[in-house]
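> What follows is model.cif; its format and atoms are mmCIF, C-alpha atoms and all ligand atoms.
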```
data_upload
#
loop_
_atom_site.label_atom_id
_atom_site.label_comp_id
_atom_site.auth_asym_id
_atom_site.auth_seq_id
_atom_site.Cartn_x
_atom_site.Cartn_y
_atom_site.Cartn_z
CA MET M 744 -15.74 -16.77 36.77
CA ALA M 745 -13.76 -16.32 33.50
CA GLN M 746 -16.57 -14.05 32.26
CA ALA M 747 -16.60 -11.93 35.42
CA ILE M 748 -12.95 -10.86 35.49
CA ASP M 749 -11.72 -7.52 34.15
CA VAL M 750 -8.08 -8.47 33.73
CA LEU M 751 -6.13 -11.70 34.24
CA VAL M 752 -2.55 -11.44 35.48
CA ILE M 753 -0.23 -14.46 35.43
CA ALA M 754 2.87 -13.67 37.47
CA PRO M 755 5.13 -15.53 37.32
CA ALA M 756 4.36 -16.94 33.89
CA THR M 757 6.63 -19.95 33.56
CA ALA M 758 7.96 -21.33 30.27
CA ASN M 759 5.53 -24.22 30.70
CA VAL M 760 2.49 -21.96 31.20
CA LEU M 761 3.45 -19.82 28.18
CA ALA M 762 3.74 -22.97 26.05
CA LYS M 763 0.37 -24.27 27.20
CA ILE M 764 -1.42 -20.97 26.60
CA ALA M 765 0.23 -20.54 23.19
CA HIS M 766 -1.16 -23.92 22.17
CA GLY M 767 -4.63 -23.48 23.64
CA GLU M 768 -4.20 -26.15 26.31
CA ALA M 769 -6.57 -26.04 29.28
CA ASP M 770 -5.73 -28.89 31.66
CA ASP M 771 -5.76 -26.98 34.94
CA PHE M 772 -7.57 -24.09 36.63
CA LEU M 773 -5.19 -21.37 35.40
CA THR M 774 -4.99 -22.33 31.73
CA THR M 775 -8.74 -23.11 31.61
CA THR M 776 -9.52 -19.62 32.95
CA CYS M 777 -7.08 -18.13 30.46
CA LEU M 778 -8.70 -19.93 27.52
CA ALA M 779 -12.23 -19.02 28.64
CA THR M 780 -11.78 -15.34 29.39
CA LYS M 781 -12.26 -12.43 27.00
CA ALA M 782 -10.55 -10.05 29.44
CA PRO M 783 -7.04 -8.74 28.71
CA VAL M 784 -4.35 -11.16 29.91
CA ILE M 785 -1.07 -9.85 31.32
CA LEU M 786 1.87 -12.23 31.41
CA ALA M 787 4.93 -11.57 33.56
CA PRO M 788 7.39 -14.28 32.49
CA ALA M 789 9.97 -15.62 34.91
CA MET M 790 12.34 -18.50 34.17
CA ASN M 791 15.90 -19.61 33.76
CA VAL M 792 17.80 -17.60 31.11
CA ASN M 793 18.38 -20.61 28.84
CA MET M 794 14.68 -21.46 28.97
CA TRP M 795 13.86 -17.81 28.09
CA GLU M 796 16.27 -17.80 25.16
CA ASN M 797 15.22 -21.23 23.90
CA PRO M 798 13.70 -20.90 20.39
CA ALA M 799 10.63 -22.84 21.58
CA THR M 800 9.90 -20.20 24.24
CA GLN M 801 10.70 -17.34 21.85
CA GLU M 802 8.30 -18.82 19.28
CA ASN M 803 5.57 -19.15 21.95
CA LEU M 804 6.12 -15.50 22.91
CA ARG M 805 5.77 -14.48 19.27
CA ILE M 806 2.48 -16.41 18.98
CA LEU M 807 1.12 -14.90 22.18
CA ARG M 808 2.11 -11.32 21.26
CA GLY M 809 0.42 -11.78 17.89
CA ARG M 810 -2.78 -12.79 19.68
CA GLY M 811 -2.87 -9.64 21.79
CA PHE M 812 -1.52 -11.00 25.10
CA ARG M 813 0.23 -8.26 27.07
CA PHE M 814 3.70 -8.77 28.50
CA VAL M 815 5.60 -7.22 31.33
CA GLU M 816 9.10 -8.07 30.19
CA PRO M 817 11.40 -9.91 32.60
CA GLY M 818 14.32 -8.04 34.08
CA VAL M 819 18.00 -8.84 33.66
CA GLY M 820 19.92 -9.98 36.74
CA TYR M 821 20.95 -12.91 38.89
CA LEU M 822 18.33 -15.64 38.66
CA ALA M 823 17.30 -18.20 41.30
CA CYS M 824 19.35 -20.80 39.39
CA GLY M 825 22.50 -18.69 39.93
CA MET M 826 22.80 -17.66 36.27
CA MET M 827 22.84 -14.10 35.02
CA GLY M 828 20.59 -12.75 32.21
CA PRO M 829 16.97 -12.05 31.31
CA GLY M 830 14.42 -14.20 33.11
CA ARG M 831 13.79 -12.43 36.42
CA MET M 832 10.15 -11.50 36.91
CA ALA M 833 9.40 -7.79 36.39
CA GLU M 834 9.00 -5.53 39.41
CA VAL M 835 5.56 -5.52 41.06
CA GLU M 836 5.18 -1.78 40.26
CA ASP M 837 5.64 -2.51 36.54
CA ILE M 838 3.05 -5.28 36.68
CA ALA M 839 0.64 -2.96 38.54
CA ARG M 840 1.18 -0.29 35.85
CA ALA M 841 0.30 -2.84 33.14
CA VAL M 842 -2.92 -3.63 35.04
CA TYR M 843 -3.81 0.08 35.23
CA GLU M 844 -3.12 0.44 31.51
CA ALA M 845 -5.23 -2.63 30.66
CA LEU M 846 -8.10 -1.24 32.72
CA ALA M 847 -7.47 2.27 31.40
CA LEU M 848 -7.06 3.52 34.97
CA GLY M 849 -5.12 6.56 36.12
CA ASP M 850 -5.64 10.09 37.38
CA ASP M 851 -4.33 12.35 34.63
CA LEU M 852 -7.88 13.52 33.77
CA ASN M 853 -8.71 14.53 37.34
CA GLY M 854 -10.59 17.82 37.27
CA GLU M 855 -11.58 17.46 33.60
CA THR M 856 -15.14 17.10 32.33
CA VAL M 857 -15.32 14.92 29.23
CA LEU M 858 -18.35 15.07 26.96
CA VAL M 859 -18.66 12.05 24.64
CA THR M 860 -21.16 11.35 21.87
CA ALA M 861 -21.66 7.71 20.92
CA GLY M 862 -23.75 5.32 18.91
CA PRO M 863 -26.00 5.87 15.92
CA THR M 864 -28.86 8.30 15.50
CA GLU M 865 -32.30 7.34 14.26
CA GLU M 866 -34.26 9.72 12.05
CA PRO M 867 -37.96 8.74 12.02
CA LEU M 868 -39.73 8.40 8.68
CA ASP M 869 -43.15 7.24 9.75
CA ALA M 870 -44.86 5.55 12.70
CA VAL M 871 -42.66 2.42 12.42
CA ARG M 872 -39.62 3.25 10.27
CA PHE M 873 -36.45 5.26 10.66
CA LEU M 874 -33.15 5.96 8.89
CA GLY M 875 -30.25 4.66 10.97
CA ASN M 876 -26.82 3.08 10.69
CA ARG M 877 -24.87 0.10 12.02
CA SER M 878 -22.90 1.90 14.74
CA SER M 879 -22.78 -0.19 17.95
CA GLY M 880 -21.61 2.68 20.19
CA ARG M 881 -18.61 0.63 21.39
CA MET M 882 -15.95 3.22 20.51
CA GLY M 883 -17.77 6.05 22.26
CA TYR M 884 -18.56 3.89 25.31
CA ALA M 885 -14.89 2.88 25.49
CA LEU M 886 -13.90 6.57 25.44
CA ALA M 887 -16.36 7.25 28.26
CA LYS M 888 -15.06 4.29 30.29
CA ALA M 889 -11.41 5.21 29.76
CA SER M 890 -12.05 8.88 30.64
CA ARG M 891 -13.85 7.89 33.84
CA GLY M 892 -11.08 5.45 34.71
CA ARG M 893 -8.56 8.30 34.44
CA GLY M 894 -10.45 10.49 36.88
CA ALA M 895 -12.65 12.67 34.66
CA ARG M 896 -16.28 13.53 35.19
CA VAL M 897 -17.97 12.06 32.12
CA ILE M 898 -21.17 12.90 30.27
CA LEU M 899 -22.09 10.30 27.66
CA VAL M 900 -24.67 11.39 25.10
CA SER M 901 -25.71 8.16 23.46
CA GLY M 902 -27.89 7.28 20.52
CA PRO M 903 -29.74 3.94 20.66
CA ALA M 904 -27.08 1.34 21.59
CA ALA M 905 -27.53 -2.15 22.98
CA ILE M 906 -24.50 -2.11 25.30
CA GLU M 907 -24.22 -1.38 29.02
CA PRO M 908 -22.98 2.13 29.82
CA PRO M 909 -19.80 2.26 31.91
CA GLN M 910 -20.20 2.81 35.65
CA GLY M 911 -19.98 6.28 37.09
CA VAL M 912 -20.81 8.24 33.95
CA LEU M 913 -23.80 10.50 33.45
CA ILE M 914 -25.73 9.08 30.51
CA GLU M 915 -28.11 11.10 28.35
CA ARG M 916 -30.01 8.82 25.99
CA VAL M 917 -31.19 10.38 22.75
CA ARG M 918 -32.60 9.18 19.47
CA THR M 919 -32.40 11.80 16.73
CA THR M 920 -29.59 14.14 15.66
CA GLU M 921 -31.68 17.04 16.94
CA GLU M 922 -31.97 15.47 20.41
CA MET M 923 -28.26 14.66 20.39
CA ALA M 924 -27.40 18.26 19.48
CA ARG M 925 -29.65 19.59 22.24
CA ALA M 926 -27.96 17.38 24.87
CA VAL M 927 -24.46 18.26 23.63
CA PHE M 928 -25.06 22.00 23.75
CA GLN M 929 -26.61 21.69 27.20
CA TYR M 930 -23.29 20.31 28.53
CA LEU M 931 -20.75 22.01 26.24
CA ASP M 932 -19.96 24.97 28.51
CA ALA M 933 -19.30 22.69 31.47
CA SER M 934 -16.93 20.48 29.46
CA THR M 935 -13.20 20.74 28.96
CA ILE M 936 -12.74 17.85 26.51
CA VAL M 937 -15.27 16.95 23.80
CA LEU M 938 -15.05 13.62 21.98
CA ILE M 939 -17.57 13.47 19.14
CA ALA M 940 -17.62 9.77 18.28
CA ALA M 941 -21.29 9.24 17.34
CA ALA M 942 -22.26 8.07 13.87
CA VAL M 943 -24.70 10.86 13.20
CA ALA M 944 -27.15 10.82 10.29
CA ASP M 945 -26.18 13.49 7.76
CA PHE M 946 -29.76 13.68 6.45
CA ARG M 947 -33.24 13.11 7.81
CA PRO M 948 -36.57 12.62 6.03
CA ALA M 949 -38.06 16.01 5.11
CA ALA M 950 -41.47 14.95 6.37
CA LEU M 951 -42.50 12.68 9.22
CA SER M 952 -45.69 10.72 8.60
CA SER M 953 -47.65 9.92 11.74
CA GLN M 954 -49.24 6.99 9.88
CA LYS M 955 -47.35 4.00 8.52
CA ILE M 956 -46.60 4.81 4.87
CA LYS M 957 -48.52 2.34 2.69
CA LYS M 958 -46.94 0.34 -0.05
CA GLN M 959 -47.34 1.93 -3.45
CA SER M 960 -46.50 0.53 -6.83
CA GLY M 961 -43.51 1.84 -8.76
CA ALA M 962 -40.29 3.51 -7.63
CA GLN M 963 -40.56 5.87 -4.66
CA THR M 964 -38.55 8.96 -3.86
CA LEU M 965 -37.68 10.04 -0.34
CA ASP M 966 -37.04 13.73 0.28
CA LEU M 967 -34.16 14.30 2.69
CA VAL M 968 -32.93 17.44 4.38
CA PRO M 969 -29.50 17.91 6.01
CA THR M 970 -29.16 17.59 9.77
CA LEU M 971 -27.02 19.85 11.91
CA ASP M 972 -23.31 18.92 11.87
CA ILE M 973 -22.89 18.70 15.64
CA LEU M 974 -19.11 18.46 15.50
CA ALA M 975 -18.75 21.55 13.30
CA GLU M 976 -21.10 23.49 15.56
CA VAL M 977 -19.24 22.38 18.71
CA ALA M 978 -15.95 23.52 17.16
CA ARG M 979 -17.53 26.86 16.21
CA ARG M 980 -18.96 27.51 19.70
CA ARG M 981 -16.08 26.13 21.79
CA THR M 982 -14.08 28.30 24.11
CA ARG M 983 -11.39 26.40 26.04
CA GLN M 984 -12.40 22.84 25.08
CA VAL M 985 -10.17 20.36 23.28
CA VAL M 986 -12.37 19.06 20.45
CA VAL M 987 -11.81 15.65 18.89
CA GLY M 988 -13.70 14.42 15.83
CA PHE M 989 -13.92 10.99 14.26
CA ALA M 990 -13.85 10.15 10.58
CA ALA M 991 -15.29 6.95 9.21
CA GLU M 992 -13.91 6.55 5.71
CA THR M 993 -13.92 3.97 2.94
CA GLY M 994 -10.85 5.32 1.12
CA ASN M 995 -8.29 8.18 1.07
CA LEU M 996 -8.19 7.98 4.86
CA VAL M 997 -5.58 10.57 5.75
CA GLU M 998 -6.54 13.14 3.08
CA ASN M 999 -10.23 12.99 4.04
CA ALA M 1000 -9.44 13.17 7.75
CA ARG M 1001 -7.13 16.12 7.17
CA SER M 1002 -9.79 18.05 5.27
CA LYS M 1003 -12.30 17.39 8.09
CA LEU M 1004 -9.72 18.58 10.64
CA GLU M 1005 -9.09 21.79 8.71
CA ALA M 1006 -12.69 22.49 7.66
CA LYS M 1007 -13.97 22.08 11.21
CA GLN M 1008 -10.87 23.50 12.98
CA LEU M 1009 -10.43 20.48 15.25
CA ASP M 1010 -7.63 19.56 17.65
CA LEU M 1011 -7.50 15.95 16.52
CA VAL M 1012 -9.26 13.61 14.10
CA VAL M 1013 -9.39 9.89 14.80
CA ALA M 1014 -9.80 8.29 11.40
CA ASN M 1015 -10.60 4.72 10.53
CA ASP M 1016 -11.20 2.88 7.29
CA VAL M 1017 -14.42 0.99 7.99
CA THR M 1018 -13.72 -1.45 5.15
CA GLU M 1019 -10.61 -2.84 6.90
CA PRO M 1020 -11.25 -6.15 8.75
CA GLY M 1021 -11.10 -5.49 12.51
CA ALA M 1022 -11.97 -1.78 12.16
CA GLY M 1023 -15.15 0.22 12.46
CA PHE M 1024 -18.75 -0.69 13.15
CA GLY M 1025 -19.73 -3.59 15.37
CA THR M 1026 -16.20 -4.91 15.98
CA GLU M 1027 -14.43 -5.22 19.37
CA THR M 1028 -11.25 -3.83 17.82
CA ASN M 1029 -10.36 -0.80 15.74
CA ILE M 1030 -7.50 0.31 13.50
CA VAL M 1031 -7.18 4.07 13.68
CA THR M 1032 -4.93 6.83 12.46
CA LEU M 1033 -4.58 9.98 14.55
CA VAL M 1034 -4.40 13.12 12.40
CA PHE M 1035 -3.13 16.28 14.13
CA PRO M 1036 -3.13 19.94 13.03
CA GLY M 1037 0.08 20.79 11.22
CA GLY M 1038 0.09 17.51 9.32
CA ARG M 1039 1.39 15.02 11.90
CA VAL M 1040 -0.08 11.55 11.47
CA GLU M 1041 0.15 8.58 13.85
CA LYS M 1042 -1.07 5.20 12.60
CA LEU M 1043 -1.91 2.79 15.43
CA GLU M 1044 -1.94 -0.98 15.03
CA LYS M 1045 -5.13 -3.02 15.44
CA MET M 1046 -6.17 -3.00 19.09
CA GLU M 1047 -9.17 -3.30 21.43
CA LYS M 1048 -11.42 -0.23 21.39
CA LEU M 1049 -10.61 0.46 25.07
CA ASP M 1050 -6.92 0.63 24.15
CA VAL M 1051 -7.71 2.94 21.21
CA ALA M 1052 -9.61 5.12 23.70
CA GLY M 1053 -6.53 5.18 25.95
CA ARG M 1054 -4.30 6.29 23.08
CA VAL M 1055 -6.78 9.02 22.07
CA LEU M 1056 -6.83 10.28 25.66
CA ASP M 1057 -3.01 10.19 25.81
CA ALA M 1058 -3.00 12.46 22.74
CA VAL M 1059 -5.60 14.76 24.33
CA VAL M 1060 -3.55 15.04 27.52
CA ARG M 1061 -0.46 15.91 25.44
CA LEU M 1062 -2.43 18.52 23.45
CA LYS M 1063 -3.73 20.12 26.65
CA LYS M 1064 -0.24 20.28 28.17
CA HIS M 1065 1.08 21.82 24.96
CA ARG M 1066 -1.66 24.41 24.97
CA GLU M 1067 -1.16 25.30 28.66
CA HIS M 1068 2.56 25.61 28.02
CA ALA M 1069 1.97 27.92 25.04
CA LEU M 1070 -0.50 30.02 27.06
CA SER M 1071 1.87 30.42 30.02
CA ALA M 1072 4.72 31.34 27.64
CA GLN M 1073 2.47 34.02 26.10
CA SER M 1074 1.44 35.47 29.44
CA ALA M 1075 4.93 35.37 31.02
CA PRO M 1076 6.36 38.58 29.43
CA ALA M 1077 3.15 40.48 30.26
CA ALA M 1078 3.38 39.38 33.90
CA SER M 1079 6.99 40.56 34.22
CA ARG M 1080 6.22 44.01 32.85
N1 LIG W 1101 -20.79 14.42 12.88
C1 LIG W 1101 -21.63 15.19 13.66
N2 LIG W 1101 -22.84 15.58 13.18
C2 LIG W 1101 -23.26 15.21 11.95
C3 LIG W 1101 -22.39 14.41 11.14
C4 LIG W 1101 -21.18 14.04 11.63
O1 LIG W 1101 -21.27 15.53 14.79
N3 LIG W 1101 -24.46 15.60 11.52
C5 LIG W 1101 -19.46 14.06 13.40
C6 LIG W 1101 -19.23 12.61 13.69
O2 LIG W 1101 -19.60 12.31 15.03
C7 LIG W 1101 -17.73 12.48 13.49
C8 LIG W 1101 -17.44 13.49 12.42
O3 LIG W 1101 -18.55 14.39 12.40
O4 LIG W 1101 -17.01 12.88 14.65
C9 LIG W 1101 -17.23 12.96 11.05
O5 LIG W 1101 -18.27 12.15 10.68
P1 LIG W 1101 -18.26 11.46 9.27
O6 LIG W 1101 -19.59 10.82 9.03
O7 LIG W 1101 -17.03 10.63 9.07
O8 LIG W 1101 -18.04 12.69 8.32
P2 LIG W 1101 -18.95 13.78 7.74
O9 LIG W 1101 -18.45 15.10 8.25
O10 LIG W 1101 -20.40 13.48 7.96
O11 LIG W 1101 -18.57 13.68 6.20
P3 LIG W 1101 -18.78 12.47 5.17
O12 LIG W 1101 -19.99 11.71 5.62
O13 LIG W 1101 -18.95 13.18 3.88
O14 LIG W 1101 -17.50 11.67 5.20
#
```
Just give me the structure of the file as structure tokens.
Ligand code: CTP


Amino acid sequence: MAQAIDVLVIAPATANVLAKIAHGEADDFLTTTCLATKAPVILAPAMNVNMWENPATQENLRILRGRGFRFVEPGVGYLACGMMGPGRMAEVEDIARAVYEALALGDDLNGETVLVTAGPTEEPLDAVRFLGNRSSGRMGYALAKASRGRGARVILVSGPAAIEPPQGVLIERVRTTEEMARAVFQYLDASTIVLIAAAVADFRPAALSSQKIKKQSGAQTLDLVPTLDILAEVARRRTRQVVVGFAAETGNLVENARSKLEAKQLDLVVANDVTEPGAGFGTETNIVTLVFPGGRVEKLEKMEKLDVAGRVLDAVVRLKKHREHALSAQSAPAASR
């Protein structure tokens, strides 16, 4: 049961329940489920104002916030005990909104077609070997899931990944950079938003041996040739699409991301330092910095990849609105002539 749920909501969350969860207690059905689930947990506290303000409760809240629990803050007003102050459970609409956010649900991408690349690529070397990387595909799959949840039609072009694709997305499975490029360009014209999150090989072996290469004595040299930079080519060929690139860095995060943004003429670069604990390959979480044209930078705290996806899509929606606004402002004087 705890494994099957998508989001756990505790409303009202009493001072007692908060204390038990903060200390990992599991002596009833609710707290046992809470301890056993990996789903996001939303807490809507409700209690007497003195209990709310008690340092013990405030300390428990601090612990829970630090562990990633989500809160729908209590309202201020007359409480059941007759006192006035914070402690009244949040409105149902606010709790529902927190659930939508946790599940990355909404409708602001209705009518959009989102093309996502995800996962690693594999460049074959011989009959049994390939050059690959440690990408799990989680970030790209989270982008696909979040886009679908917000009403978009989604095409997910995925390199070999061992995770389940989200429901309701069209999945194109590929192996090499060349296959990934072919799939991307097949769908580019139909897309309005392109999120290039795959960890693509920059080089492939110059020659592919149909036989397994035999062991030879002494040092060996492998000839490599560059692959196509799919992101750069997408940016070059795009018409109306918003194009978002990713940058996996091991230092000079913002400067490197900014030069990728400028060199490839992108609308947004989502940069992460893969050496930071909790960021990058194979993790459930990510720590990213959004780098926009014109120099604006937004550093996000460590969060689940689905939440990162939500924040990236928020930025895309804002960029699209901005662009539509600019276009209508441009066309307005012409229309009035
Ligand atoms: N990318 C791509 N095709 C490639 C290489 C990279 O589409 N052949 C995309 C990635 O999906 C990512 C972005 O380019 O969105 C940046 O990838 P990254 O590996 O960080 O940067 P590179 O441009 O390859 O530069 P470098 O490896 O030197 O940092």

> Mind listing the residues within 6 Å of ligand LIG 1101 (chain W), all atoms listed in the file counted, as a list in words?

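Counting only what the definition allows, namely all atoms listed in the file, the set is Ile939, Ala940, Ala941, Ala942, Val943, Ala944, Asp945, Thr970, Leu971, Asp972, Ile973, Leu974, Gly988, Phe989, Ala990 and Ala991 of chain M.
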
> Counting all atoms listed in the file, which of M:Thr919, M:Gln1008, M:Ser890, M:Gln910 gets nearest to Leu874 (chain M)?

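With all atoms listed in the file as the atom set, the closest residue is M:Thr919.
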
> Any chance you could work out the axis-aligned box around region 1047-1063 of chain M, listed atoms only, 3 Å on each side, giving centre and edge lengths in Å to one decimal, as lines of an AutoDock Vina configuration file?


```
center_x = -5.9
center_y = 8.4
center_z = 24.4
size_x = 17.0
size_y = 29.4
size_z = 12.3
```

> Return the single residue from M:Val1012, M:Ala799, M:Val835, M:Ala1006 that is closest to Glu1041 (chain M), with distances computed using only C-alpha atoms.

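For Glu1041 (chain M), the nearest of the given residues is M:Val1012.
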
> Can you measure CA of Glu1047 (chain M) to CA of Thr800 (chain M) for me? One decimal in Å is fine.

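It comes out at 25.6 Å.
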
> Using Å and a single decimal, report how far CA of Glu866 (chain M) sits from CA of Ala949 (chain M).

10.1 Å

> In Å, rounded to a single decimal, give me how far CA of Val1034 (chain M) is from CA of Leu1011 (chain M).

5.9 Å

> Which one is closest to Arg805 (chain M): M:Ala839, M:Leu848, M:Ala870, M:Leu761? Count only C-alpha atoms.

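Of the candidates, the smallest distance to Arg805 (chain M) is held by M:Leu761.
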
> Give me the region 952-1031 of chain M side of the contact with region 876-884 of chain M, cut-off 8 Å, one line per residue showing its nearest atom pair and distance in Å at one decimal, counting all atoms listed in the file, sorted by chain and residue number, as a tab-separated table.


```
residue	atom	partner	partner_atom	distance
M:Phe1024	CA	M:Ser878	CA	5.1
M:Gly1025	CA	M:Ser879	CA	5.2
M:Glu1027	CA	M:Arg881	CA	7.5
```

> Find the spatial neighbours of Gln954 (chain M), counting all atoms listed in the file, within a cut-off of 12 Å - ignore same-chain residues fewer than 4 positions away - and output them as an NGL selection string.

:M and (867-872 or 950)

> When you count all atoms listed in the file, which of these residues is closest to Leu913 (chain M): M:Lys1003, M:Arg983, M:Arg925, M:Lys888?

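Checking each of M:Lys1003, M:Arg983, M:Arg925, M:Lys888 against Leu913 (chain M), counting all atoms listed in the file, the winner is M:Lys888.
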
> For a quick check of understanding, using all atoms listed in the file, which of M:Arg896, M:Lys1007, M:Arg918, M:Arg1001 has the smallest distance to Arg981 (chain M)?

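Checking each candidate against Arg981 (chain M), we get M:Lys1007 as the closest.
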
> Taking 2 positions as the minimum chain separation for residues in the same chain, which residues sit within 9 Å of Arg831 (chain M) when counting all atoms listed in the file? Answer as a list of chain:residue names.

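That gives M:Pro788, M:Ala789, M:Met790, M:Asn791, M:Val792, M:Glu816, M:Pro817, M:Gly818, M:Val819, M:Gly820, M:Tyr821, M:Leu822, M:Ala823, M:Gly828, M:Pro829, M:Ala833, M:Glu834.
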
> Could you write out that same residue set with C-alpha atoms as a CSV table (one decimal), in the coordinates of the input?


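Ended up saving to again11.csv:
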```
chain,number,residue,atom,x,y,z
M,788,PRO,CA,7.4,-14.3,32.5
M,789,ALA,CA,10.0,-15.6,34.9
M,790,MET,CA,12.3,-18.5,34.2
M,791,ASN,CA,15.9,-19.6,33.8
M,792,VAL,CA,17.8,-17.6,31.1
M,816,GLU,CA,9.1,-8.1,30.2
M,817,PRO,CA,11.4,-9.9,32.6
M,818,GLY,CA,14.3,-8.0,34.1
M,819,VAL,CA,18.0,-8.8,33.7
M,820,GLY,CA,19.9,-10.0,36.7
M,821,TYR,CA,21.0,-12.9,38.9
M,822,LEU,CA,18.3,-15.6,38.7
M,823,ALA,CA,17.3,-18.2,41.3
M,828,GLY,CA,20.6,-12.8,32.2
M,829,PRO,CA,17.0,-12.0,31.3
M,833,ALA,CA,9.4,-7.8,36.4
M,834,GLU,CA,9.0,-5.5,39.4
```
